[in-house]
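Q: You'll find data32.txt just under this line, and it carries compact mmCIF, C-alpha atoms (C1' of nucleotides).
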```
# COMPACT_ATOMS: atom_id res chain seq x y z
CA MET A 196 36.98 111.19 93.52
CA ARG A 197 39.01 109.98 90.69
CA LYS A 198 41.58 107.25 91.32
CA ILE A 199 44.77 106.51 89.47
CA ASP A 200 44.48 103.75 86.89
CA PRO A 201 47.39 101.44 87.72
CA GLU A 202 47.57 100.11 84.19
CA LYS A 203 47.75 103.52 82.57
CA HIS A 204 50.20 104.65 85.18
CA ALA A 205 52.42 101.63 84.53
CA ALA A 206 52.15 102.10 80.78
CA ARG A 207 53.26 105.70 81.09
CA ARG A 208 56.21 104.68 83.23
CA ARG A 209 57.16 102.11 80.62
CA LEU A 210 57.05 104.76 77.93
CA ILE A 211 59.42 106.93 79.92
CA LEU A 212 61.68 104.01 80.77
CA ASP A 213 61.89 102.89 77.16
CA ALA A 214 62.69 106.42 76.03
CA ALA A 215 65.32 106.75 78.74
CA ILE A 216 66.89 103.40 77.82
CA ALA A 217 67.14 104.49 74.20
CA CYS A 218 68.79 107.77 75.20
CA PHE A 219 71.07 106.29 77.85
CA SER A 220 72.42 103.58 75.56
CA ARG A 221 73.21 106.24 72.97
CA LYS A 222 74.75 108.89 75.19
CA GLY A 223 75.17 107.46 78.68
CA PHE A 224 73.51 108.42 81.94
CA HIS A 225 75.28 111.75 82.36
CA GLY A 226 75.45 112.50 78.67
CA THR A 227 71.69 112.60 78.18
CA SER A 228 69.64 115.44 79.54
CA THR A 229 66.17 115.06 80.97
CA ALA A 230 65.03 117.26 78.09
CA GLU A 231 66.23 114.61 75.65
CA ILE A 232 64.29 111.92 77.47
CA CYS A 233 61.23 114.17 77.35
CA ALA A 234 61.64 114.62 73.61
CA GLU A 235 62.09 110.88 73.03
CA ALA A 236 58.99 110.15 75.10
CA ARG A 237 57.07 113.08 73.52
CA MET A 238 56.29 114.49 76.89
CA SER A 239 56.82 117.71 78.81
CA PRO A 240 59.31 117.87 81.69
CA GLY A 241 56.45 118.58 84.08
CA ASN A 242 54.82 115.35 82.99
CA LEU A 243 58.00 113.29 83.15
CA PHE A 244 58.80 114.45 86.67
CA HIS A 245 55.27 113.60 87.66
CA TYR A 246 56.21 109.94 87.24
CA PHE A 247 59.82 110.01 88.43
CA PRO A 248 60.94 112.52 91.05
CA THR A 249 64.52 112.68 89.78
CA LYS A 250 66.65 111.54 86.89
CA HIS A 251 68.42 109.24 89.32
CA THR A 252 65.23 107.29 90.06
CA ILE A 253 64.86 106.66 86.33
CA ILE A 254 68.35 105.17 86.23
CA ALA A 255 67.63 103.11 89.32
CA ALA A 256 64.41 101.79 87.79
CA ILE A 257 66.30 100.67 84.72
CA VAL A 258 68.88 98.80 86.78
CA GLU A 259 66.09 97.16 88.73
CA GLU A 260 64.40 96.14 85.50
CA GLU A 261 67.64 94.53 84.33
CA ARG A 262 67.49 92.29 87.37
CA GLN A 263 64.00 91.10 86.63
CA GLU A 264 64.95 90.29 83.07
CA THR A 265 67.91 88.20 84.16
CA ALA A 266 65.74 86.35 86.66
CA GLU A 267 63.23 85.71 83.90
CA ILE A 268 65.85 84.15 81.63
CA PHE A 269 66.91 81.80 84.39
CA ARG A 270 63.33 80.89 85.13
CA LYS A 271 62.88 79.72 81.56
CA LEU A 272 66.13 77.78 81.54
CA GLY A 273 65.69 76.31 85.00
CA GLU A 274 63.45 73.55 83.77
CA GLU A 275 66.22 71.85 81.81
CA LYS A 276 67.34 68.45 82.96
CA ASP A 277 70.82 68.82 81.60
CA LEU A 278 72.26 71.51 83.84
CA LEU A 279 75.49 71.92 81.89
CA ALA A 280 73.44 72.43 78.74
CA ALA A 281 71.30 74.93 80.63
CA LEU A 282 74.40 76.88 81.63
CA LEU A 283 75.77 76.86 78.10
CA GLY A 284 72.35 77.85 76.82
CA PHE A 285 72.25 80.77 79.19
CA MET A 286 75.65 81.90 78.00
CA ASP A 287 74.41 81.65 74.44
CA THR A 288 71.58 84.03 75.24
CA VAL A 289 74.09 86.37 76.89
CA LEU A 290 76.17 86.31 73.73
CA ASP A 291 73.02 86.97 71.76
CA LEU A 292 72.01 89.90 73.96
CA ALA A 293 75.49 91.35 73.65
CA GLY A 294 74.96 91.42 69.90
CA ASP A 295 72.57 94.31 70.50
CA PRO A 296 74.89 97.30 71.00
CA ALA A 297 72.19 99.10 72.96
CA TYR A 298 72.17 96.30 75.51
CA SER A 299 75.94 96.10 75.83
CA SER A 300 76.16 99.84 76.07
CA LEU A 301 73.69 99.90 78.92
CA ALA A 302 75.48 97.11 80.74
CA LEU A 303 78.75 99.03 80.58
CA GLU A 304 77.06 102.23 81.63
CA ILE A 305 75.62 100.52 84.68
CA ALA A 306 79.00 99.08 85.67
CA ALA A 307 80.70 102.45 85.28
CA GLU A 308 77.96 104.22 87.21
CA ALA A 309 78.16 101.59 89.95
CA MET A 310 81.65 102.83 90.76
CA ARG A 311 80.52 106.45 91.04
CA ASP A 312 77.13 106.28 92.73
CA GLU A 313 76.89 103.95 95.67
CA ARG A 314 73.11 103.67 95.38
CA ILE A 315 73.46 102.33 91.84
CA GLY A 316 76.41 100.29 93.07
CA ALA A 317 74.23 98.61 95.65
CA LEU A 318 71.58 97.76 93.06
CA ALA A 319 74.18 96.42 90.65
CA ALA A 320 75.74 94.35 93.42
CA THR A 321 72.36 92.80 94.15
CA ASN A 322 71.85 91.95 90.49
CA ASP A 323 75.28 90.40 90.33
CA ALA A 324 74.79 88.43 93.52
CA GLU A 325 71.58 86.94 92.14
CA LEU A 326 73.29 86.10 88.88
CA GLN A 327 76.16 84.40 90.68
CA ALA A 328 73.78 82.48 92.90
CA ALA A 329 71.87 81.18 89.89
CA LEU A 330 75.08 80.23 88.11
CA ALA A 331 76.46 78.54 91.21
CA ALA A 332 73.26 76.52 91.56
CA LEU A 333 73.59 75.29 87.98
CA ILE A 334 77.23 74.43 88.46
CA SER A 335 76.85 72.58 91.73
CA GLY A 336 73.85 70.72 90.33
CA ALA A 337 75.88 69.73 87.31
CA ALA A 338 78.74 68.72 89.58
CA SER A 339 76.57 66.40 91.61
CA ARG A 340 75.60 64.63 88.39
CA ASN A 341 79.20 64.50 87.24
CA GLN A 342 78.49 66.67 84.23
CA VAL A 343 81.30 68.90 85.37
CA ASP A 344 84.33 68.44 87.62
CA SER A 345 82.71 67.15 90.80
CA ALA A 346 85.36 68.76 93.01
CA ILE A 347 84.66 72.21 91.63
CA ASP A 348 84.24 75.28 93.83
CA ALA A 349 80.84 76.26 92.46
CA PRO A 350 80.56 79.80 93.88
CA GLY A 351 84.15 80.55 92.91
CA ALA A 352 83.60 79.32 89.38
CA ALA A 353 80.32 81.23 89.15
CA ARG A 354 82.17 84.42 90.03
CA TRP A 355 84.54 83.97 87.12
CA ILE A 356 81.76 83.12 84.74
CA ALA A 357 80.11 86.36 85.81
CA ALA A 358 83.39 88.07 84.95
CA ILE A 359 83.36 86.47 81.52
CA ILE A 360 79.81 87.74 80.98
CA ASP A 361 80.90 91.29 81.80
CA GLY A 362 83.87 90.81 79.52
CA ILE A 363 81.59 89.91 76.62
CA PHE A 364 79.79 93.24 76.89
CA SER A 365 83.11 95.06 76.99
CA ARG A 366 84.19 93.28 73.82
CA ILE A 367 81.42 95.02 71.90
CA ALA A 368 82.78 98.37 73.05
CA VAL A 369 86.46 97.97 72.31
CA ASP A 370 86.80 95.16 69.79
CA PRO A 371 85.09 95.85 66.46
CA GLY A 372 86.16 92.40 65.23
CA PHE A 373 84.19 90.63 67.94
CA SER A 374 81.13 89.13 66.31
CA PRO A 375 78.95 87.42 68.92
CA LYS A 376 77.39 85.02 66.49
CA ASP A 377 80.81 83.68 65.49
CA GLU A 378 82.16 83.33 68.99
CA GLY A 379 79.84 80.68 70.36
CA ALA A 380 82.24 77.82 69.70
CA MET A 381 85.19 79.44 71.42
CA MET A 382 83.04 80.43 74.36
CA ARG A 383 81.80 76.88 74.83
CA ARG A 384 85.34 75.65 74.66
CA LEU A 385 86.39 78.15 77.31
CA LEU A 386 83.52 77.21 79.60
CA THR A 387 83.66 73.45 79.24
CA ARG A 388 87.40 73.32 79.70
CA PHE A 389 87.11 75.50 82.76
CA LEU A 390 84.31 73.51 84.36
CA CYS A 391 84.97 69.96 83.28
CA SER A 392 88.07 68.24 84.54
CA MET B 112 112.73 135.18 71.27
CA ARG B 113 111.76 132.98 74.09
CA LYS B 114 111.31 129.25 73.47
CA ILE B 115 109.16 126.75 75.31
CA ASP B 116 110.97 124.56 77.78
CA PRO B 117 109.86 121.05 76.76
CA GLU B 118 110.51 119.63 80.20
CA LYS B 119 108.44 122.19 82.03
CA HIS B 120 105.73 121.91 79.42
CA ALA B 121 105.63 118.13 79.78
CA ALA B 122 105.62 118.36 83.56
CA ARG B 123 102.66 120.72 83.45
CA ARG B 124 100.77 118.33 81.16
CA ARG B 125 101.46 115.51 83.56
CA LEU B 126 100.10 117.57 86.43
CA ILE B 127 96.89 118.16 84.51
CA LEU B 128 96.64 114.55 83.38
CA ASP B 129 97.12 113.25 86.90
CA ALA B 130 94.53 115.64 88.24
CA ALA B 131 92.13 114.64 85.49
CA ILE B 132 92.69 110.93 86.13
CA ALA B 133 91.92 111.44 89.80
CA CYS B 134 88.71 113.29 88.99
CA PHE B 135 87.61 110.99 86.19
CA SER B 136 88.03 107.85 88.24
CA ARG B 137 85.95 109.41 90.99
CA LYS B 138 83.15 110.89 88.93
CA GLY B 139 83.54 109.74 85.34
CA PHE B 140 84.28 111.71 82.20
CA HIS B 141 80.95 113.50 81.99
CA GLY B 142 80.49 113.75 85.72
CA THR B 143 83.56 115.89 86.31
CA SER B 144 83.68 119.48 85.21
CA THR B 145 86.74 121.18 83.85
CA ALA B 146 86.53 123.45 86.88
CA GLU B 147 87.04 120.41 89.12
CA ILE B 148 90.12 119.39 87.17
CA CYS B 149 91.40 122.95 87.51
CA ALA B 150 90.87 122.83 91.26
CA GLU B 151 92.58 119.45 91.58
CA ALA B 152 95.53 120.72 89.55
CA ARG B 153 95.49 124.12 91.37
CA MET B 154 95.28 125.94 88.10
CA SER B 155 92.99 128.41 86.38
CA PRO B 156 90.82 127.40 83.41
CA GLY B 157 92.82 129.72 81.16
CA ASN B 158 95.94 127.85 82.13
CA LEU B 159 94.43 124.41 81.71
CA PHE B 160 93.07 125.19 78.27
CA HIS B 161 96.45 126.52 77.31
CA TYR B 162 97.75 122.95 77.52
CA PHE B 163 94.69 121.09 76.22
CA PRO B 164 92.34 122.76 73.76
CA THR B 165 89.29 120.77 74.90
CA LYS B 166 88.21 118.43 77.65
CA HIS B 167 87.99 115.73 75.02
CA THR B 168 91.72 115.93 74.26
CA ILE B 169 92.42 115.36 77.95
CA ILE B 170 90.35 112.18 77.84
CA ALA B 171 92.06 111.10 74.63
CA ALA B 172 95.49 111.70 76.14
CA ILE B 173 94.58 109.50 79.08
CA VAL B 174 93.44 106.68 76.82
CA GLU B 175 96.64 107.01 74.83
CA GLU B 176 98.66 106.87 78.03
CA GLU B 177 96.90 103.66 78.99
CA ARG B 178 98.21 102.12 75.79
CA GLN B 179 101.79 103.03 76.53
CA GLU B 180 101.52 101.56 80.00
CA THR B 181 100.21 98.27 78.66
CA ALA B 182 102.97 98.14 76.08
CA GLU B 183 105.48 98.80 78.85
CA ILE B 184 104.21 95.88 80.91
CA PHE B 185 104.58 93.56 77.95
CA ARG B 186 108.05 94.85 77.24
CA LYS B 187 109.15 93.84 80.71
CA LEU B 188 107.54 90.44 80.49
CA GLY B 189 108.62 89.74 76.92
CA GLU B 190 112.06 88.61 77.98
CA GLU B 191 110.77 85.55 79.77
CA LYS B 192 111.71 82.19 78.34
CA ASP B 193 108.66 80.44 79.65
CA LEU B 194 105.89 82.03 77.60
CA LEU B 195 103.04 80.42 79.49
CA ALA B 196 104.52 81.74 82.72
CA ALA B 197 104.85 85.15 81.08
CA LEU B 198 101.19 85.10 80.16
CA LEU B 199 100.14 84.06 83.63
CA GLY B 200 102.45 86.69 85.08
CA PHE B 201 100.83 89.35 82.92
CA MET B 202 97.42 88.29 84.13
CA ASP B 203 98.68 88.50 87.70
CA THR B 204 99.66 92.11 87.15
CA VAL B 205 96.25 92.77 85.61
CA LEU B 206 94.61 91.34 88.70
CA ASP B 207 96.91 93.49 90.78
CA LEU B 208 96.07 96.65 88.83
CA ALA B 209 92.37 95.88 89.17
CA GLY B 210 92.86 95.97 92.92
CA ASP B 211 93.21 99.73 92.60
CA PRO B 212 89.61 100.94 92.26
CA ALA B 213 90.80 104.10 90.50
CA TYR B 214 92.32 101.98 87.76
CA SER B 215 89.30 99.72 87.33
CA SER B 216 87.02 102.71 87.37
CA LEU B 217 88.97 104.36 84.59
CA ALA B 218 89.02 101.18 82.52
CA LEU B 219 85.24 100.92 82.75
CA GLU B 220 84.83 104.59 81.99
CA ILE B 221 86.91 104.20 78.85
CA ALA B 222 84.90 101.20 77.68
CA ALA B 223 81.60 103.01 78.27
CA GLU B 224 82.85 106.13 76.54
CA ALA B 225 84.09 104.06 73.62
CA MET B 226 80.48 103.17 72.82
CA ARG B 227 79.41 106.81 72.82
CA ASP B 228 82.26 108.70 71.22
CA GLU B 229 83.72 107.12 68.12
CA ARG B 230 87.02 108.98 68.48
CA ILE B 231 87.54 107.42 71.90
CA GLY B 232 86.20 104.18 70.46
CA ALA B 233 88.91 104.20 67.82
CA LEU B 234 91.63 104.78 70.40
CA ALA B 235 90.27 102.06 72.65
CA ALA B 236 90.06 99.68 69.69
CA THR B 237 93.72 100.33 68.92
CA ASN B 238 94.70 99.66 72.52
CA ASP B 239 92.72 96.44 72.49
CA ALA B 240 94.16 95.33 69.17
CA GLU B 241 97.68 95.78 70.51
CA LEU B 242 96.80 93.89 73.66
CA GLN B 243 95.32 91.02 71.67
CA ALA B 244 98.33 90.93 69.36
CA ALA B 245 100.69 90.69 72.32
CA LEU B 246 98.59 87.98 73.94
CA ALA B 247 98.33 86.04 70.70
CA ALA B 248 102.11 86.18 70.26
CA LEU B 249 102.59 84.72 73.72
CA ILE B 250 100.04 82.01 73.10
CA SER B 251 101.31 80.92 69.71
CA GLY B 252 104.87 80.97 71.04
CA ALA B 253 103.79 78.79 73.93
CA ALA B 254 101.94 76.51 71.52
CA SER B 255 104.99 75.96 69.37
CA ARG B 256 106.85 74.81 72.46
CA ASN B 257 103.97 72.60 73.51
CA GLN B 258 103.42 74.56 76.70
CA VAL B 259 99.81 74.91 75.67
CA ASP B 260 97.51 73.02 73.31
CA SER B 261 99.49 73.11 70.07
CA ALA B 262 96.33 73.13 67.94
CA ILE B 263 95.02 76.26 69.61
CA ASP B 264 93.63 79.21 67.65
CA ALA B 265 95.93 81.81 69.19
CA PRO B 266 94.16 85.00 68.04
CA GLY B 267 90.79 83.54 68.96
CA ALA B 268 92.00 82.58 72.41
CA ALA B 269 93.67 85.98 72.86
CA ARG B 270 90.35 87.63 72.18
CA TRP B 271 88.68 85.72 74.99
CA ILE B 272 91.52 86.40 77.37
CA ALA B 273 91.06 90.08 76.58
CA ALA B 274 87.41 89.59 77.48
CA ILE B 275 88.41 88.04 80.79
CA ILE B 276 90.64 91.04 81.50
CA ASP B 277 87.74 93.41 80.91
CA GLY B 278 85.61 91.19 83.09
CA ILE B 279 88.06 91.51 85.97
CA PHE B 280 87.68 95.29 85.98
CA SER B 281 83.92 94.96 85.95
CA ARG B 282 84.08 92.65 88.96
CA ILE B 283 85.45 95.49 91.04
CA ALA B 284 82.44 97.58 90.13
CA VAL B 285 79.62 95.14 90.76
CA ASP B 286 80.97 92.43 93.07
CA PRO B 287 82.08 93.73 96.46
CA GLY B 288 83.12 90.18 97.40
CA PHE B 289 85.68 90.00 94.62
CA SER B 290 89.09 90.35 96.20
CA PRO B 291 91.81 90.34 93.52
CA LYS B 292 94.50 89.03 95.81
CA ASP B 293 92.41 85.95 96.62
CA GLU B 294 91.42 85.17 93.06
CA GLY B 295 94.80 84.39 91.54
CA ALA B 296 94.42 80.64 91.95
CA MET B 297 91.02 80.45 90.29
CA MET B 298 92.21 82.70 87.48
CA ARG B 299 95.20 80.48 86.77
CA ARG B 300 92.94 77.48 86.77
CA LEU B 301 90.62 79.15 84.29
CA LEU B 302 93.46 80.13 82.00
CA THR B 303 95.45 76.93 82.07
CA ARG B 304 92.41 74.78 81.51
CA PHE B 305 91.38 76.97 78.63
CA LEU B 306 94.77 77.00 76.96
CA CYS B 307 96.25 73.61 77.76
CA SER B 308 94.66 70.57 76.25
C1' DA C 83 26.36 117.43 84.27
C1' DC C 84 29.14 118.46 88.08
C1' DG C 85 33.27 118.81 90.72
C1' DA C 86 37.43 116.93 92.29
C1' DA C 87 41.33 114.52 91.43
C1' DA C 88 44.76 113.05 88.01
C1' DT C 89 47.30 114.40 84.34
C1' DT C 90 49.57 117.40 81.30
C1' DC C 91 51.98 121.36 79.71
C1' DG C 92 55.82 124.49 78.99
C1' DA C 93 57.72 128.76 80.53
C1' DG C 94 60.63 129.71 84.15
C1' DT C 95 64.18 128.85 88.13
C1' DA C 96 68.77 129.08 89.90
C1' DC C 97 72.73 127.19 88.62
C1' DT C 98 76.54 124.72 86.08
C1' DC C 99 78.76 123.68 81.78
C1' DG C 100 82.91 123.85 78.59
C1' DG C 101 85.42 127.24 76.91
C1' DT C 102 87.03 132.39 75.78
C1' DC C 103 89.09 136.87 76.61
C1' DT C 104 91.70 140.33 78.43
C1' DA C 105 95.17 141.98 80.70
C1' DA C 106 99.02 141.43 83.66
C1' DT C 107 103.41 139.08 84.53
C1' DA C 108 107.55 136.19 83.76
C1' DA C 109 111.22 134.66 80.99
C1' DT C 110 114.16 134.91 77.20
C1' DT C 111 117.17 136.94 73.66
C1' DA C 112 118.82 140.85 70.61
C1' DT D 263 117.37 147.39 78.33
C1' DA D 264 113.86 146.67 75.01
C1' DA D 265 111.27 143.79 72.38
C1' DT D 266 109.05 139.58 72.09
C1' DT D 267 106.91 135.68 73.48
C1' DA D 268 105.23 132.22 77.07
C1' DT D 269 102.50 131.79 80.83
C1' DT D 270 99.13 132.89 84.11
C1' DA D 271 94.79 134.28 86.54
C1' DG D 272 90.11 134.76 86.80
C1' DA D 273 86.10 137.43 85.22
C1' DC D 274 83.08 136.34 81.80
C1' DC D 275 79.97 134.11 78.07
C1' DG D 276 76.02 131.80 75.94
C1' DA D 277 74.17 127.45 76.11
C1' DG D 278 72.54 123.97 78.69
C1' DT D 279 71.34 121.62 83.39
C1' DA D 280 67.86 119.18 86.50
C1' DC D 281 63.90 120.38 88.14
C1' DT D 282 59.57 123.54 89.69
C1' DC D 283 55.27 125.72 89.45
C1' DG D 284 50.84 127.39 88.43
C1' DA D 285 47.53 126.93 85.31
C1' DA D 286 45.00 124.33 81.72
C1' DT D 287 42.95 120.04 80.44
C1' DT D 288 41.26 115.43 80.79
C1' DT D 289 39.08 111.84 83.19
C1' DC D 290 35.93 109.60 86.07
C1' DG D 291 32.80 108.63 90.16
C1' DT D 292 28.68 110.55 91.44
```
Written as C-alpha cells, that's how I'd like the structure from this file.
A:
Amino acid sequence: MRKIDPEKHAARRRLILDAAIACFSRKGFHGTSTAEICAEARMSPGNLFHYFPTKHTIIAAIVEEERQETAEIFRKLGEEKDLLAALLGFMDTVLDLAGDPAYSSLALEIAAEAMRDERIGALAATNDAELQAALAALISGAASRNQVDSAIDAPGAARWIAAIIDGIFSRIAVDPGFSPKDEGAMMRRLLTRFLCS
Amino acid sequence: MRKIDPEKHAARRRLILDAAIACFSRKGFHGTSTAEICAEARMSPGNLFHYFPTKHTIIAAIVEEERQETAEIFRKLGEEKDLLAALLGFMDTVLDLAGDPAYSSLALEIAAEAMRDERIGALAATNDAELQAALAALISGAASRNQVDSAIDAPGAARWIAAIIDGIFSRIAVDPGFSPKDEGAMMRRLLTRFLCS
DNA sequence: ACGAAATTCGAGTACTCGGTCTAATAATTA
DNA sequence: TAATTATTAGACCGAGTACTCGAATTTCGT
C-alpha cells in the first residue's frame, strides 16, 4: 500500500503554481489555456488535472498564496519599535514588488477577476481585509505614541492606504514613466502628510 | 450610387459599443464572446463584424471613448476660478463614477489588458498622460495662487493622484465595505494634506 | 520480487472561439 | 425601372477550449 509523499506532492503543486503564475502574469487568467500551463510546467494535462481539479482552483490557490505572502511581510516588519517607520518600510517593499511587472500584472488580474467571479472576489476581499487590519494596527499603534495624528481614524486611513497600494500596481500598467525606485520620496511625502497632522 | 448615412452608421456603432461595454464589464474582455455581444446588441455576427473588423477594435474603441469622457469632465470643470476646488470636484466625480460597478470593472479590465496587449497599453498610456497633464495644470495653477504648497512638484503630485484614482476603482473590486458616497471626507483630507503645506 | 497504489501520459471528448461567406434584401440614384 | 451599393442574417469554418479516460509506468511497503 503505497502512500502519497506529502513533500513530493507539495513540490509538484508548486511547480504547477509557478508555471501558472508565469503564464497568468503574461496573458491573464482567461488568456492562458491549460495547455499553456502544461507546457510551461512540462507536464501532460492528465497530470496537471491530477493535482488541480479545475483551472479555477489553480487561480484560487494563487490568490490564497498572495495572502500568505502579505502576512509574511507583516510578520517580519511587526517587530519594529517605530511603527510609522514600519508602515513606511512596508510601503517601500510594496513599491519594490510593484517594480516586478509580473507581480503588478498578477495583482491587477486578481482585482479584475474579483469583479467577475464571486469566489475569487471573496478570496480577494479576505486578503484585503487582512491587509487593512494590519495597516490599521500599525496606524493606531503609531497614533497612541504620537508618531502620527493622534485623532486619526485608523481603519479609515488604512482603507485609503490600501487604495494607494492598488494604485501603485495600476501605475505600472498605464504609466510607462512611473519608475518605482524613483518614487519613494513622493510616496513618503504623501503618506506622512496624510497621517501626521 | 447609394451612400452611407453617417448618422445611422454612428448610431449602429454606438449600439454595438454599448452592448460590448455591458458584456465586458460583466465578464471581462476575454471572458465575453463575440456571440454574446451580438446577442446583447440583437445583431448577427456578420452585421457586427461589418462595423468592427475584429473584437480587438471594439475594445480599442471603448478605451478611446473613455479618453473623450475624461477630457469632457475636465472641460466642464476647467472654467472654475478656484483651482483647488476644481481638483477636489473632479475627484468627487471620480468617486461618484466608481460607485457604478460597471465603470470600475471596465477601468480595471483596461488596466489589466494594458499589461497584456501593447496596443491597448499604448492607448491606456495616452489616456493616463492626458489625465496627468490636466491634473498637473490644476495643481500648478493652484500653486501659483498659493491655494496649495507653492513649492510642490506638480507633475509628480499629479502622478500620485492618478494612482489614487486607480486605487479607488480597485477598492470597488476587493473591498465590499468601501462605499464611495461615505468616503468623500477622507478623500478630501488625503488630498488636501498631500497638496497643501 | 511482488502487487497495489500513486503518478504520468497524451489522444480524445464535446464544445466554444473569433471570424468568414454566401446569398438575400433594402435603399439609393441614374 | 434598372443598376449599384449598403446592409443584413445566420450557416459555417478551422483552431482552440477545459477537461476526461484508459492504459502505461513508477514507486514503495511488504
Q: Could you list, as a VMD selection string, the residues of chain A having an atom within 8 Å of chain B when counting only C-alpha atoms?
A: chain A and resid 221 to 223 225 to 226 300 303 to 304 306 to 307 309 to 311 316 319 to 320 323 to 324 351 to 352 355 357 to 363 365 to 366 368 to 371 381 to 382 384 to 386 388 to 389
Q: Which is closest to D:DA285 among C:DA83, C:DC103, C:DT98, C:DT90, if we use all atoms listed in the file?
A: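 For D:DA285, the nearest of the candidates is C:DT90.
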Q: Nearest residue to chain B out of D:DT263, D:DT287, D:DT282, D:DT270, using only C-alpha atoms (C1' of nucleotides)?
A: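 Using only C-alpha atoms (C1' of nucleotides), the shortest distance to chain B belongs to D:DT270.
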Q: Counting all atoms listed in the file, collect the residues of chain A whose closest atom lies at most 8 Å from chain D, and write them out as a list of chain:residue names.
A: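 Residues passing the distance filter: A:Met196, A:Arg197, A:Ser228, A:Thr229, A:Phe244, A:Thr249, A:Lys250.
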Q: Let me make sure I understand: among C:DT102, C:DT110, C:DT95, C:DT89, which one has the smallest atom-to-atom distance to A:Ser239 if we use all atoms listed in the file?
A: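 Answer, going by the shortest atom-to-atom distance: C:DT89.
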Q: Between atom CA of B:Leu198 and atom CA of A:Ser374, measure the distance and give it in Å to one decimal.
A: 24.7 Å
Q: With 8 Å as the limit and counting all atoms listed in the file, what residues in chain C lie close to chain B? Please list them as a PyMOL selection string.
A: chain C and resi 99-101+109-111
Q: Between atom CA of A:Arg340 and atom CA of A:Leu290, measure the distance and give it in Å to one decimal.
A: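 We find that atom CA of A:Arg340 and atom CA of A:Leu290 lie 26.2 Å from each other.
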Q: What is the atom C1' of C:DT104-atom CA of B:Arg153 distance in Å, reported with one decimal?
A: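 Straight-line distance from atom C1' of C:DT104 to atom CA of B:Arg153 works out to 21.1 Å.
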